[in-house]
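Structure file run17.pdb with PDB, C-alpha atoms:
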```
ATOM      1  CA  MET A   1      44.537 -50.034 -37.579
ATOM      2  CA  PRO A   2      47.091 -49.977 -40.462
ATOM      3  CA  SER A   3      48.101 -53.488 -41.493
ATOM      4  CA  ASP A   4      51.791 -52.562 -41.797
ATOM      5  CA  PHE A   5      51.766 -51.402 -38.178
ATOM      6  CA  VAL A   6      50.177 -54.687 -37.058
ATOM      7  CA  GLY A   7      52.789 -56.631 -38.993
ATOM      8  CA  ARG A   8      55.633 -54.667 -37.468
ATOM      9  CA  HIS A   9      54.187 -55.142 -34.015
ATOM     10  CA  PHE A  10      53.864 -58.904 -34.234
ATOM     11  CA  LEU A  11      57.450 -59.124 -35.432
ATOM     12  CA  CYS A  12      58.276 -57.270 -32.227
ATOM     13  CA  ILE A  13      56.321 -59.789 -30.163
ATOM     14  CA  PHE A  14      58.188 -62.696 -31.748
ATOM     15  CA  ALA A  15      61.565 -61.115 -31.053
ATOM     16  CA  ASP A  16      60.502 -60.025 -27.582
ATOM     17  CA  ALA A  17      59.812 -63.609 -26.614
ATOM     18  CA  MET A  18      63.560 -64.175 -26.913
ATOM     19  CA  LYS A  19      64.798 -61.003 -25.204
ATOM     20  CA  GLN A  20      63.175 -59.269 -22.235
ATOM     21  CA  MET A  21      63.247 -55.475 -22.281
ATOM     22  CA  ILE A  22      64.726 -53.592 -19.332
ATOM     23  CA  THR A  23      62.879 -50.481 -18.153
ATOM     24  CA  ILE A  24      64.596 -47.933 -15.919
ATOM     25  CA  LEU A  25      62.315 -45.276 -14.492
ATOM     26  CA  GLY A  26      62.434 -42.707 -11.721
ATOM     27  CA  PRO A  27      61.818 -39.051 -10.922
ATOM     28  CA  THR A  28      63.831 -36.195 -12.379
ATOM     29  CA  ALA A  29      67.384 -35.890 -10.992
ATOM     30  CA  SER A  30      67.472 -39.518  -9.828
ATOM     31  CA  GLY A  31      70.292 -40.562 -12.178
ATOM     32  CA  LYS A  32      68.297 -42.810 -14.549
ATOM     33  CA  THR A  33      70.247 -42.095 -17.726
ATOM     34  CA  PRO A  34      73.795 -42.695 -16.412
ATOM     35  CA  LEU A  35      72.547 -45.979 -14.925
ATOM     36  CA  ALA A  36      70.935 -47.027 -18.211
ATOM     37  CA  ALA A  37      74.141 -46.189 -20.084
ATOM     38  CA  ALA A  38      76.320 -48.093 -17.606
ATOM     39  CA  LEU A  39      74.041 -51.113 -17.918
ATOM     40  CA  ALA A  40      73.915 -50.861 -21.725
ATOM     41  CA  LEU A  41      77.711 -50.890 -21.821
ATOM     42  CA  GLN A  42      77.773 -54.275 -20.085
ATOM     43  CA  ILE A  43      74.871 -56.017 -21.832
ATOM     44  CA  ASN A  44      75.215 -54.799 -25.428
ATOM     45  CA  GLY A  45      72.225 -52.508 -24.979
ATOM     46  CA  GLU A  46      70.658 -49.527 -26.700
ATOM     47  CA  ILE A  47      68.497 -46.957 -24.949
ATOM     48  CA  LEU A  48      64.962 -45.954 -25.866
ATOM     49  CA  SER A  49      64.121 -42.598 -24.312
ATOM     50  CA  ALA A  50      60.777 -42.231 -22.532
ATOM     51  CA  ASP A  51      60.778 -38.460 -22.177
ATOM     52  CA  SER A  52      57.965 -36.439 -23.710
ATOM     53  CA  ARG A  53      60.069 -33.314 -24.304
ATOM     54  CA  GLN A  54      63.474 -34.668 -25.310
ATOM     55  CA  VAL A  55      61.971 -35.550 -28.688
ATOM     56  CA  TYR A  56      62.380 -31.884 -29.721
ATOM     57  CA  ARG A  57      65.502 -30.679 -31.517
ATOM     58  CA  ARG A  58      67.362 -27.644 -30.116
ATOM     59  CA  MET A  59      65.470 -27.952 -26.835
ATOM     60  CA  ASP A  60      68.511 -29.356 -25.094
ATOM     61  CA  ILE A  61      69.283 -27.661 -21.798
ATOM     62  CA  GLY A  62      65.677 -27.114 -20.779
ATOM     63  CA  THR A  63      64.728 -30.750 -21.359
ATOM     64  CA  GLY A  64      67.850 -32.021 -19.609
ATOM     65  CA  LYS A  65      69.093 -34.179 -22.460
ATOM     66  CA  ASP A  66      72.570 -34.392 -20.909
ATOM     67  CA  LEU A  67      73.865 -36.288 -23.929
ATOM     68  CA  ALA A  68      77.218 -36.751 -22.185
ATOM     69  CA  ASP A  69      75.431 -39.301 -19.979
ATOM     70  CA  TYR A  70      75.254 -41.576 -23.021
ATOM     71  CA  ARG A  71      79.083 -41.595 -23.239
ATOM     72  CA  PRO A  72      80.415 -43.455 -20.193
ATOM     73  CA  ILE A  73      84.171 -43.367 -19.734
ATOM     74  CA  VAL A  74      86.009 -46.664 -20.170
ATOM     75  CA  ASP A  75      89.792 -46.808 -19.681
ATOM     76  CA  GLY A  76      89.938 -43.029 -19.957
ATOM     77  CA  SER A  77      87.974 -42.763 -23.219
ATOM     78  CA  PRO A  78      84.241 -42.135 -23.837
ATOM     79  CA  VAL A  79      82.152 -44.935 -25.336
ATOM     80  CA  ASP A  80      79.031 -43.952 -27.300
ATOM     81  CA  ILE A  81      75.890 -45.793 -26.223
ATOM     82  CA  PRO A  82      73.251 -45.744 -29.005
ATOM     83  CA  PHE A  83      70.039 -43.978 -28.048
ATOM     84  CA  HIS A  84      66.679 -43.489 -29.750
ATOM     85  CA  LEU A  85      63.639 -41.155 -29.646
ATOM     86  CA  ILE A  86      65.650 -38.020 -28.885
ATOM     87  CA  ASP A  87      65.803 -35.098 -31.367
ATOM     88  CA  ILE A  88      63.190 -36.559 -33.693
ATOM     89  CA  CYS A  89      60.875 -33.577 -34.292
ATOM     90  CA  GLU A  90      60.909 -29.813 -34.555
ATOM     91  CA  PRO A  91      60.080 -27.342 -31.756
ATOM     92  CA  GLY A  92      56.645 -25.824 -32.126
ATOM     93  CA  THR A  93      55.039 -29.136 -33.063
ATOM     94  CA  LYS A  94      52.894 -31.047 -30.594
ATOM     95  CA  TYR A  95      54.305 -34.539 -30.306
ATOM     96  CA  ASN A  96      51.878 -36.927 -28.629
ATOM     97  CA  LEU A  97      51.432 -40.410 -27.197
ATOM     98  CA  PHE A  98      50.146 -41.859 -30.473
ATOM     99  CA  GLN A  99      53.302 -40.733 -32.303
ATOM    100  CA  TYR A 100      55.501 -41.959 -29.471
ATOM    101  CA  GLN A 101      54.030 -45.453 -29.586
ATOM    102  CA  GLN A 102      54.625 -45.700 -33.327
ATOM    103  CA  ASP A 103      58.188 -44.378 -33.033
ATOM    104  CA  PHE A 104      58.885 -46.600 -30.043
ATOM    105  CA  PHE A 105      57.816 -49.790 -31.808
ATOM    106  CA  ASP A 106      59.854 -48.951 -34.906
ATOM    107  CA  ALA A 107      62.990 -48.329 -32.820
ATOM    108  CA  TYR A 108      62.292 -51.310 -30.549
ATOM    109  CA  GLN A 109      61.937 -53.683 -33.497
ATOM    110  CA  ASP A 110      65.139 -52.322 -35.058
ATOM    111  CA  ILE A 111      67.104 -52.898 -31.837
ATOM    112  CA  LEU A 112      65.820 -56.463 -31.476
ATOM    113  CA  HIS A 113      66.473 -57.354 -35.101
ATOM    114  CA  ARG A 114      70.087 -56.292 -34.694
ATOM    115  CA  GLY A 115      70.457 -58.566 -31.674
ATOM    116  CA  LYS A 116      70.843 -55.742 -29.147
ATOM    117  CA  GLN A 117      69.247 -55.413 -25.715
ATOM    118  CA  PRO A 118      66.516 -52.740 -25.558
ATOM    119  CA  ILE A 119      66.552 -50.524 -22.452
ATOM    120  CA  LEU A 120      63.618 -48.145 -21.992
ATOM    121  CA  CYS A 121      64.660 -45.201 -19.814
ATOM    122  CA  GLY A 122      62.806 -42.070 -18.746
ATOM    123  CA  GLY A 123      60.447 -40.306 -16.425
ATOM    124  CA  THR A 124      57.291 -39.806 -18.508
ATOM    125  CA  GLY A 125      55.106 -42.370 -16.784
ATOM    126  CA  LEU A 126      52.303 -42.217 -19.343
ATOM    127  CA  TYR A 127      54.670 -43.069 -22.209
ATOM    128  CA  ILE A 128      56.272 -45.907 -20.239
ATOM    129  CA  GLU A 129      52.981 -47.407 -19.134
ATOM    130  CA  ALA A 130      51.437 -47.137 -22.594
ATOM    131  CA  VAL A 131      54.146 -49.157 -24.332
ATOM    132  CA  LEU A 132      54.475 -51.705 -21.518
ATOM    133  CA  LYS A 133      50.732 -52.229 -21.259
ATOM    134  CA  GLY A 134      50.483 -52.525 -25.009
ATOM    135  CA  TYR A 135      47.550 -50.277 -25.860
ATOM    136  CA  HIS A 136      47.770 -48.248 -29.011
ATOM    137  CA  LEU A 137      45.896 -45.023 -29.554
ATOM    138  CA  SER A 138      44.511 -43.660 -32.779
ATOM    139  CA  PRO A 139      45.548 -40.150 -33.813
ATOM    140  CA  VAL A 140      43.005 -37.763 -32.340
ATOM    141  CA  PRO A 141      41.783 -35.096 -34.795
ATOM    142  CA  GLN A 142      40.965 -31.585 -33.697
ATOM    143  CA  ASN A 143      37.338 -31.040 -32.710
ATOM    144  CA  GLN A 144      36.739 -27.392 -33.534
ATOM    145  CA  ASP A 145      33.164 -27.435 -32.261
ATOM    146  CA  LEU A 146      34.346 -28.731 -28.889
ATOM    147  CA  ARG A 147      37.172 -26.183 -28.801
ATOM    148  CA  ASP A 148      34.735 -23.356 -29.513
ATOM    149  CA  ARG A 149      32.515 -24.501 -26.643
ATOM    150  CA  LEU A 150      35.477 -24.676 -24.251
ATOM    151  CA  GLU A 151      36.937 -21.312 -25.214
ATOM    152  CA  GLY A 152      36.851 -18.820 -22.337
ATOM    153  CA  LYS A 153      36.572 -21.421 -19.579
ATOM    154  CA  SER A 154      39.040 -21.180 -16.703
ATOM    155  CA  LEU A 155      41.759 -23.771 -16.069
ATOM    156  CA  GLU A 156      39.855 -24.876 -12.945
ATOM    157  CA  GLU A 157      36.662 -25.470 -14.974
ATOM    158  CA  LEU A 158      38.560 -27.349 -17.668
ATOM    159  CA  THR A 159      40.373 -29.488 -15.087
ATOM    160  CA  ALA A 160      37.047 -30.456 -13.491
ATOM    161  CA  MET A 161      35.638 -31.425 -16.903
ATOM    162  CA  LEU A 162      38.730 -33.478 -17.649
ATOM    163  CA  GLU A 163      38.530 -35.316 -14.327
ATOM    164  CA  GLN A 164      34.920 -36.251 -15.033
ATOM    165  CA  LEU A 165      35.820 -37.570 -18.500
ATOM    166  CA  LYS A 166      38.721 -39.565 -17.065
ATOM    167  CA  LYS A 167      36.370 -41.100 -14.513
ATOM    168  CA  GLU A 168      33.904 -42.063 -17.239
ATOM    169  CA  ASN A 169      36.688 -43.530 -19.397
ATOM    170  CA  GLY A 170      38.538 -45.231 -16.550
ATOM    171  CA  SER A 171      41.550 -43.320 -17.879
ATOM    172  CA  VAL A 172      44.944 -42.805 -16.266
ATOM    173  CA  MET A 173      46.041 -40.373 -18.957
ATOM    174  CA  HIS A 174      46.552 -36.642 -18.527
ATOM    175  CA  ASN A 175      47.742 -36.043 -14.992
ATOM    176  CA  LYS A 176      48.272 -32.527 -13.649
ATOM    177  CA  THR A 177      51.572 -32.219 -15.495
ATOM    178  CA  ASP A 178      49.597 -32.329 -18.743
ATOM    179  CA  VAL A 179      47.037 -29.685 -17.834
ATOM    180  CA  ASP A 180      49.016 -26.742 -16.461
ATOM    181  CA  SER A 181      47.545 -24.401 -19.085
ATOM    182  CA  CYS A 182      44.128 -23.954 -20.703
ATOM    183  CA  GLN A 183      45.529 -24.950 -24.105
ATOM    184  CA  ARG A 184      46.846 -28.255 -22.784
ATOM    185  CA  ALA A 185      43.663 -28.926 -20.787
ATOM    186  CA  ILE A 186      41.480 -28.373 -23.871
ATOM    187  CA  ARG A 187      43.615 -30.789 -25.889
ATOM    188  CA  ALA A 188      43.380 -33.369 -23.090
ATOM    189  CA  ILE A 189      39.581 -33.004 -23.028
ATOM    190  CA  GLU A 190      39.562 -33.381 -26.811
ATOM    191  CA  ILE A 191      41.532 -36.643 -26.542
ATOM    192  CA  GLU A 192      39.433 -38.060 -23.705
ATOM    193  CA  THR A 193      36.235 -37.156 -25.570
ATOM    194  CA  TYR A 194      37.505 -38.951 -28.686
ATOM    195  CA  ASN A 195      38.552 -42.016 -26.682
ATOM    196  CA  LYS A 196      35.119 -42.147 -25.060
ATOM    197  CA  GLU A 197      33.527 -42.313 -28.502
ATOM    198  CA  HIS A 198      36.086 -44.834 -29.859
ATOM    199  CA  PRO A 199      36.405 -47.644 -27.278
ATOM    200  CA  MET A 200      39.920 -48.748 -26.367
ATOM    201  CA  PRO A 201      39.408 -52.532 -26.839
ATOM    202  CA  LEU A 202      39.323 -51.970 -30.596
ATOM    203  CA  ARG A 203      42.813 -50.522 -30.422
ATOM    204  CA  GLU A 204      44.663 -52.740 -27.934
ATOM    205  CA  LEU A 205      47.935 -54.534 -28.677
ATOM    206  CA  PRO A 206      49.771 -57.167 -26.606
ATOM    207  CA  ALA A 207      51.956 -55.947 -23.738
ATOM    208  CA  ILE A 208      55.753 -55.955 -23.779
ATOM    209  CA  ASN A 209      57.592 -58.225 -21.367
ATOM    210  CA  SER A 210      59.922 -56.026 -19.296
ATOM    211  CA  LEU A 211      61.931 -56.089 -16.099
ATOM    212  CA  ILE A 212      61.150 -52.726 -14.480
ATOM    213  CA  ILE A 213      63.778 -50.988 -12.363
ATOM    214  CA  GLY A 214      62.920 -47.907 -10.317
ATOM    215  CA  VAL A 215      65.627 -45.517  -9.141
ATOM    216  CA  ASN A 216      64.643 -44.484  -5.628
ATOM    217  CA  ILE A 217      66.069 -41.212  -4.359
ATOM    218  CA  ASP A 218      65.483 -39.671  -0.940
ATOM    219  CA  ARG A 219      63.094 -36.700  -1.105
ATOM    220  CA  GLU A 220      65.506 -34.201   0.454
ATOM    221  CA  LEU A 221      68.411 -35.341  -1.705
ATOM    222  CA  ARG A 222      66.166 -35.109  -4.755
ATOM    223  CA  ARG A 223      65.191 -31.551  -3.845
ATOM    224  CA  GLU A 224      68.825 -30.606  -3.349
ATOM    225  CA  LYS A 225      69.851 -32.089  -6.697
ATOM    226  CA  ILE A 226      66.954 -30.399  -8.516
ATOM    227  CA  THR A 227      67.907 -26.957  -7.179
ATOM    228  CA  ARG A 228      71.608 -27.479  -7.903
ATOM    229  CA  ARG A 229      70.863 -28.727 -11.411
ATOM    230  CA  LEU A 230      68.505 -25.826 -12.156
ATOM    231  CA  LYS A 231      71.201 -23.307 -11.199
ATOM    232  CA  ALA A 232      73.743 -25.160 -13.352
ATOM    233  CA  ARG A 233      71.456 -25.216 -16.387
ATOM    234  CA  LEU A 234      70.763 -21.522 -16.080
ATOM    235  CA  ASP A 235      74.526 -20.942 -15.964
ATOM    236  CA  GLU A 236      74.919 -23.161 -19.052
ATOM    237  CA  GLY A 237      72.666 -20.872 -21.113
ATOM    238  CA  MET A 238      69.111 -22.122 -20.704
ATOM    239  CA  VAL A 239      67.754 -18.559 -21.045
ATOM    240  CA  ASP A 240      69.696 -18.086 -24.276
ATOM    241  CA  GLU A 241      68.281 -21.373 -25.566
ATOM    242  CA  VAL A 242      64.742 -20.063 -25.086
ATOM    243  CA  ARG A 243      65.649 -16.716 -26.691
ATOM    244  CA  ALA A 244      67.052 -18.569 -29.711
ATOM    245  CA  LEU A 245      63.877 -20.638 -30.087
ATOM    246  CA  LEU A 246      61.745 -17.492 -29.964
ATOM    247  CA  ALA A 247      64.082 -15.781 -32.447
ATOM    248  CA  GLU A 248      63.591 -18.558 -35.004
ATOM    249  CA  GLY A 249      59.880 -17.820 -34.983
ATOM    250  CA  ILE A 250      58.426 -20.305 -32.528
ATOM    251  CA  PRO A 251      55.454 -18.552 -30.847
ATOM    252  CA  ALA A 252      55.784 -17.907 -27.122
ATOM    253  CA  GLU A 253      52.536 -19.762 -26.462
ATOM    254  CA  ASP A 254      53.980 -22.891 -28.087
ATOM    255  CA  LEU A 255      57.004 -22.843 -25.795
ATOM    256  CA  ILE A 256      54.776 -22.176 -22.794
ATOM    257  CA  TYR A 257      52.747 -25.237 -23.870
ATOM    258  CA  TYR A 258      55.778 -27.459 -23.209
ATOM    259  CA  GLY A 259      55.646 -26.552 -19.524
ATOM    260  CA  LEU A 260      58.229 -26.390 -16.749
ATOM    261  CA  GLU A 261      61.493 -24.740 -17.912
ATOM    262  CA  TYR A 262      60.056 -23.532 -21.218
ATOM    263  CA  LYS A 263      56.949 -22.130 -19.603
ATOM    264  CA  TYR A 264      58.704 -20.092 -16.929
ATOM    265  CA  LEU A 265      61.741 -19.052 -18.956
ATOM    266  CA  THR A 266      59.526 -17.871 -21.793
ATOM    267  CA  GLU A 267      57.434 -15.856 -19.319
ATOM    268  CA  TYR A 268      60.701 -14.292 -18.101
ATOM    269  CA  VAL A 269      62.079 -13.571 -21.582
ATOM    270  CA  ILE A 270      58.855 -11.877 -22.746
ATOM    271  CA  GLY A 271      58.766  -9.776 -19.577
ATOM    272  CA  HIS A 272      55.911 -11.378 -17.624
ATOM    273  CA  LEU A 273      58.180 -12.500 -14.759
ATOM    274  CA  THR A 274      61.310 -11.121 -13.143
ATOM    275  CA  TYR A 275      64.364 -13.394 -12.990
ATOM    276  CA  GLU A 276      63.809 -13.990  -9.274
ATOM    277  CA  GLU A 277      60.114 -14.818  -9.824
ATOM    278  CA  MET A 278      61.004 -17.144 -12.682
ATOM    279  CA  PHE A 279      63.600 -19.020 -10.638
ATOM    280  CA  ARG A 280      61.411 -19.372  -7.558
ATOM    281  CA  GLN A 281      58.294 -20.480  -9.451
ATOM    282  CA  LEU A 282      60.226 -22.866 -11.711
ATOM    283  CA  GLU A 283      62.059 -24.443  -8.784
ATOM    284  CA  ILE A 284      58.743 -25.107  -7.034
ATOM    285  CA  ALA A 285      57.196 -26.457 -10.261
ATOM    286  CA  ILE A 286      60.051 -28.945 -10.790
ATOM    287  CA  HIS A 287      59.790 -30.176  -7.205
ATOM    288  CA  GLN A 288      56.051 -30.674  -7.702
ATOM    289  CA  PHE A 289      56.679 -32.417 -11.014
ATOM    290  CA  ALA A 290      59.086 -34.901  -9.393
ATOM    291  CA  LYS A 291      56.501 -35.638  -6.716
ATOM    292  CA  ARG A 292      53.853 -36.289  -9.389
ATOM    293  CA  GLN A 293      56.248 -38.609 -11.211
ATOM    294  CA  MET A 294      56.601 -40.721  -8.066
ATOM    295  CA  THR A 295      52.818 -40.681  -7.621
ATOM    296  CA  TRP A 296      52.462 -42.044 -11.162
ATOM    297  CA  PHE A 297      55.014 -44.805 -10.572
ATOM    298  CA  ARG A 298      53.320 -45.842  -7.329
ATOM    299  CA  GLY A 299      50.076 -45.877  -9.294
ATOM    300  CA  MET A 300      51.686 -48.233 -11.815
ATOM    301  CA  GLU A 301      52.403 -50.621  -8.958
ATOM    302  CA  ARG A 302      48.767 -50.481  -7.888
ATOM    303  CA  ARG A 303      47.793 -51.179 -11.500
ATOM    304  CA  GLY A 304      49.755 -54.426 -11.485
ATOM    305  CA  PHE A 305      53.315 -53.523 -12.527
ATOM    306  CA  THR A 306      56.191 -54.892 -10.444
ATOM    307  CA  ILE A 307      58.895 -52.257  -9.979
ATOM    308  CA  HIS A 308      62.203 -53.287  -8.409
ATOM    309  CA  TRP A 309      63.462 -50.213  -6.563
ATOM    310  CA  ILE A 310      67.198 -49.516  -6.340
ATOM    311  CA  ASP A 311      68.813 -46.927  -4.060
ATOM    312  CA  ALA A 312      70.051 -44.003  -6.159
ATOM    313  CA  THR A 313      72.981 -43.357  -3.800
ATOM    314  CA  LEU A 314      74.602 -46.765  -4.292
ATOM    315  CA  PRO A 315      77.837 -46.896  -6.340
ATOM    316  CA  MET A 316      77.137 -47.316 -10.054
ATOM    317  CA  GLU A 317      78.790 -50.727 -10.207
ATOM    318  CA  GLU A 318      76.578 -52.006  -7.384
ATOM    319  CA  LYS A 319      73.401 -50.713  -9.051
ATOM    320  CA  VAL A 320      74.325 -52.387 -12.329
ATOM    321  CA  ASP A 321      75.124 -55.631 -10.496
ATOM    322  CA  GLN A 322      71.708 -55.548  -8.811
ATOM    323  CA  ILE A 323      69.973 -55.179 -12.176
ATOM    324  CA  ARG A 324      72.019 -57.983 -13.729
ATOM    325  CA  THR A 325      71.108 -60.249 -10.819
ATOM    326  CA  LEU A 326      67.425 -59.451 -11.343
ATOM    327  CA  MET A 327      67.817 -60.208 -15.055
ATOM    328  CA  LYS A 328      68.838 -63.769 -14.214
TER
END
```
Give the structure from the file, written as structure tokens.
Amino acid sequence: MPSDFVGRHFLCIFADAMKQMITILGPTASGKTPLAAALALQINGEILSADSRQVYRRMDIGTGKDLADYRPIVDGSPVDIPFHLIDICEPGTKYNLFQYQQDFFDAYQDILHRGKQPILCGGTGLYIEAVLKGYHLSPVPQNQDLRDRLEGKSLEELTAMLEQLKKENGSVMHNKTDVDSCQRAIRAIEIETYNKEHPMPLRELPAINSLIIGVNIDRELRREKITRRLKARLDEGMVDEVRALLAEGIPAEDLIYYGLEYKYLTEYVIGHLTYEEMFRQLEIAIHQFAKRQMTWFRGMERRGFTIHWIDATLPMEEKVDQIRTLMK
């Protein structure tokens, strides 16, 4: 492990002893970001994004960045809430958990050293759990021999192999969201194979002390909001966003790799799906994704995390007050 990284991390631990991080998590369309921004406004906070796709520049509508959420209105004027880990790499690259942990700790240390309150906010459970639990992964190199052996296998075969590796490793990484294509499944197998050969205890770091808030939204309301938001984003130009990314030379398979909106809209743009097929399949996929997010968060509770659930339908002021009471 690089000594400069260790040094940075232990500076974080020292500062963290004085200021507890706040984590706000929940499924897509639950209203996490506006809540984090409203809280940050009151407690001198800055937001660390925990979203695996919002790291990419120019992938705005499809990833649901909704940057206006970081500008709450006060006395009729918007106030900018600082945020981190959004728009930090180029489309077409494959950002991963190892990079996220490094970027998170750099941003986290910076926030603490400036005397601000760090607020981790997002729906990528693996990213959240990794930084809270404190383990740190090594960069996993490509294993061409392994890739050659896996080439031609079906997604079902690859998924079965991955599940077996996860069982052997005792791993909670790579849920179904991560393996919705053969390319992603092969990369997940590559990572799990590497981790099996390089035991985790050699790469662990202390956990971060955090109050964890979960935004709980009724299933039917969540489904309604997801469908309404999907229609709105399509009206806002999500198809044109995908066309622009393809036009700048990003291969279709790379966009499909990112899953959900980029997978189905790319399939539509290149003529593999009709508009109606794209909308129907994407809507179902987002509903399934939200369900898997909740499954992950419930799994975090079983793995020892305490999550304080707050009703998403409460007025914003009441939700913020509940969090501030828990902070005391």
Item to check | Close residues, region 263-277 of chain A itself excluded, 8 Å, all atoms listed in the file, min 6 positions apart in chain, as a PyMOL selection string | outcome: chain A and resi 239+242-243+252+255-257
Residues of the last selection are to be written out with C-alpha atoms, as a PDB file, in the frame of the given file.
```
ATOM      1  CA  VAL A 239      67.754 -18.559 -21.045  1.00  0.00           C
ATOM      2  CA  VAL A 242      64.742 -20.063 -25.086  1.00  0.00           C
ATOM      3  CA  ARG A 243      65.649 -16.716 -26.691  1.00  0.00           C
ATOM      4  CA  ALA A 252      55.784 -17.907 -27.122  1.00  0.00           C
ATOM      5  CA  LEU A 255      57.004 -22.843 -25.795  1.00  0.00           C
ATOM      6  CA  ILE A 256      54.776 -22.176 -22.794  1.00  0.00           C
ATOM      7  CA  TYR A 257      52.747 -25.237 -23.870  1.00  0.00           C
TER       8      TYR A 257
END
```
Next on the checklist: Translate the PyMOL selection byres ((chain A and resi 155) around 8) into a concrete residue list for this structure, as a list in words.
Outcome noted: Lys153, Ser154, Glu156, Glu157, Leu158, Thr159, Asp180, Ser181, Cys182 and Ala185 of chain A
Item to check | Selected residue of minimal separation from Leu41 (chain A) among A:Ile286, A:Val320, A:Ile208, A:Ile213, counting all atoms listed in the file | outcome: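 Nearest to Leu41 (chain A): A:Val320.
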Item to check | Residues matched by the PyMOL selection byres ((chain A and resi 288) around 12), written as a PyMOL selection string | outcome: chain A and resi 27-28+176-177+180+219+222-223+226+260+281-287+289-295
Would you export the selected residues with C-alpha atoms as a PDB file, keeping the file's coordinate frame, please?
```
ATOM      1  CA  PRO A  27      61.818 -39.051 -10.922  1.00  0.00           C
ATOM      2  CA  THR A  28      63.831 -36.195 -12.379  1.00  0.00           C
ATOM      3  CA  LYS A 176      48.272 -32.527 -13.649  1.00  0.00           C
ATOM      4  CA  THR A 177      51.572 -32.219 -15.495  1.00  0.00           C
ATOM      5  CA  ASP A 180      49.016 -26.742 -16.461  1.00  0.00           C
ATOM      6  CA  ARG A 219      63.094 -36.700  -1.105  1.00  0.00           C
ATOM      7  CA  ARG A 222      66.166 -35.109  -4.755  1.00  0.00           C
ATOM      8  CA  ARG A 223      65.191 -31.551  -3.845  1.00  0.00           C
ATOM      9  CA  ILE A 226      66.954 -30.399  -8.516  1.00  0.00           C
ATOM     10  CA  LEU A 260      58.229 -26.390 -16.749  1.00  0.00           C
ATOM     11  CA  GLN A 281      58.294 -20.480  -9.451  1.00  0.00           C
ATOM     12  CA  LEU A 282      60.226 -22.866 -11.711  1.00  0.00           C
ATOM     13  CA  GLU A 283      62.059 -24.443  -8.784  1.00  0.00           C
ATOM     14  CA  ILE A 284      58.743 -25.107  -7.034  1.00  0.00           C
ATOM     15  CA  ALA A 285      57.196 -26.457 -10.261  1.00  0.00           C
ATOM     16  CA  ILE A 286      60.051 -28.945 -10.790  1.00  0.00           C
ATOM     17  CA  HIS A 287      59.790 -30.176  -7.205  1.00  0.00           C
ATOM     18  CA  PHE A 289      56.679 -32.417 -11.014  1.00  0.00           C
ATOM     19  CA  ALA A 290      59.086 -34.901  -9.393  1.00  0.00           C
ATOM     20  CA  LYS A 291      56.501 -35.638  -6.716  1.00  0.00           C
ATOM     21  CA  ARG A 292      53.853 -36.289  -9.389  1.00  0.00           C
ATOM     22  CA  GLN A 293      56.248 -38.609 -11.211  1.00  0.00           C
ATOM     23  CA  MET A 294      56.601 -40.721  -8.066  1.00  0.00           C
ATOM     24  CA  THR A 295      52.818 -40.681  -7.621  1.00  0.00           C
TER      25      THR A 295
END
```
Next on the checklist: So that I can check the surroundings of region 83-85 of chain A, please list as a list in words every protein, DNA and RNA residue that reaches within 10 Å of it, counting only C-alpha atoms and ignoring chain neighbours fewer than 5 positions away.
Outcome noted: Ala37, Gly45, Glu46, Ile47, Leu48, Ser49, Ala50, Asp51, Ser52, Gln54, Val55, Tyr56, Leu67, Tyr70, Tyr100, Asp103, Phe104, Ala107, Tyr108, Ile111, Pro118, Ile119, Leu120 and Cys121 of chain A
Could you list the residues chosen by the PyMOL selection byres ((chain A and resi 125) around 7) in this structure as a tab-separated table (two decimals) with C-alpha atoms, in the coordinates of the input?
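Listed below is the output, part-v6.tsv:
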```tsv
chain	number	residue	atom	x	y	z
A	123	GLY	CA	60.45	-40.31	-16.42
A	124	THR	CA	57.29	-39.81	-18.51
A	126	LEU	CA	52.30	-42.22	-19.34
A	127	TYR	CA	54.67	-43.07	-22.21
A	128	ILE	CA	56.27	-45.91	-20.24
A	129	GLU	CA	52.98	-47.41	-19.13
A	293	GLN	CA	56.25	-38.61	-11.21
A	296	TRP	CA	52.46	-42.04	-11.16
A	297	PHE	CA	55.01	-44.80	-10.57
```
Next on the checklist: Using all atoms listed in the file for the distances, tell me which of A:Glu90, A:Asp311, A:Asp69, A:Asp218 is nearest to Ala38 (chain A).
Outcome noted: A:Asp69
Item to check | Protein, DNA and RNA residues within 9 Å of (76.8, -43.7, -19.4), only C-alpha atoms, as a list of chain:residue names | outcome: A:Thr33, A:Pro34, A:Leu35, A:Ala36, A:Ala37, A:Ala38, A:Leu39, A:Ala40, A:Leu41, A:Ala68, A:Asp69, A:Tyr70, A:Arg71, A:Pro72, A:Ile73, A:Pro78, A:Val79, A:Asp80, A:Ile81
Checklist entry - CA of Glu192 (chain A) and CA of Lys166 (chain A), how far apart in Å? => result 6.8 Å
Checklist entry - Which of these residues is nearest to Tyr95 (chain A), using only C-alpha atoms: A:Glu317, A:Asp235, A:Glu261, A:Asp254? => result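 Going through A:Glu317, A:Asp235, A:Glu261, A:Asp254 one by one, the smallest distance to Tyr95 (chain A) is for A:Asp254.
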Item to check | Nearest to Thr63 (chain A), chosen from A:Ala232, A:Val131, A:Met238, A:Ala188, with only C-alpha atoms counted in the distances | outcome: A:Met238
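A straight line drawn from CA of Thr193 (chain A) to CA of Asp148 (chain A) is 14.4 Å long.
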Checklist entry - Quick one: distance from CA of Glu318 (chain A) to CA of Lys32 (chain A) in Å, one decimal? => result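 So the two atoms, CA of Glu318 (chain A) and CA of Lys32 (chain A), lie 14.3 Å apart.
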Checklist entry - Closest to Ile310 (chain A) among A:Ile186, A:Asp240, A:Ile61, A:Asn216, using all atoms listed in the file? => result A:Asn216
Next on the checklist: From the options A:Val74, A:Leu25, A:Val140, A:Met327, which residue's atoms come nearest to Asn96 (chain A), counting only C-alpha atoms?
Outcome noted: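 Checking each of A:Val74, A:Leu25, A:Val140, A:Met327 against Asn96 (chain A), counting only C-alpha atoms, the winner is A:Val140.
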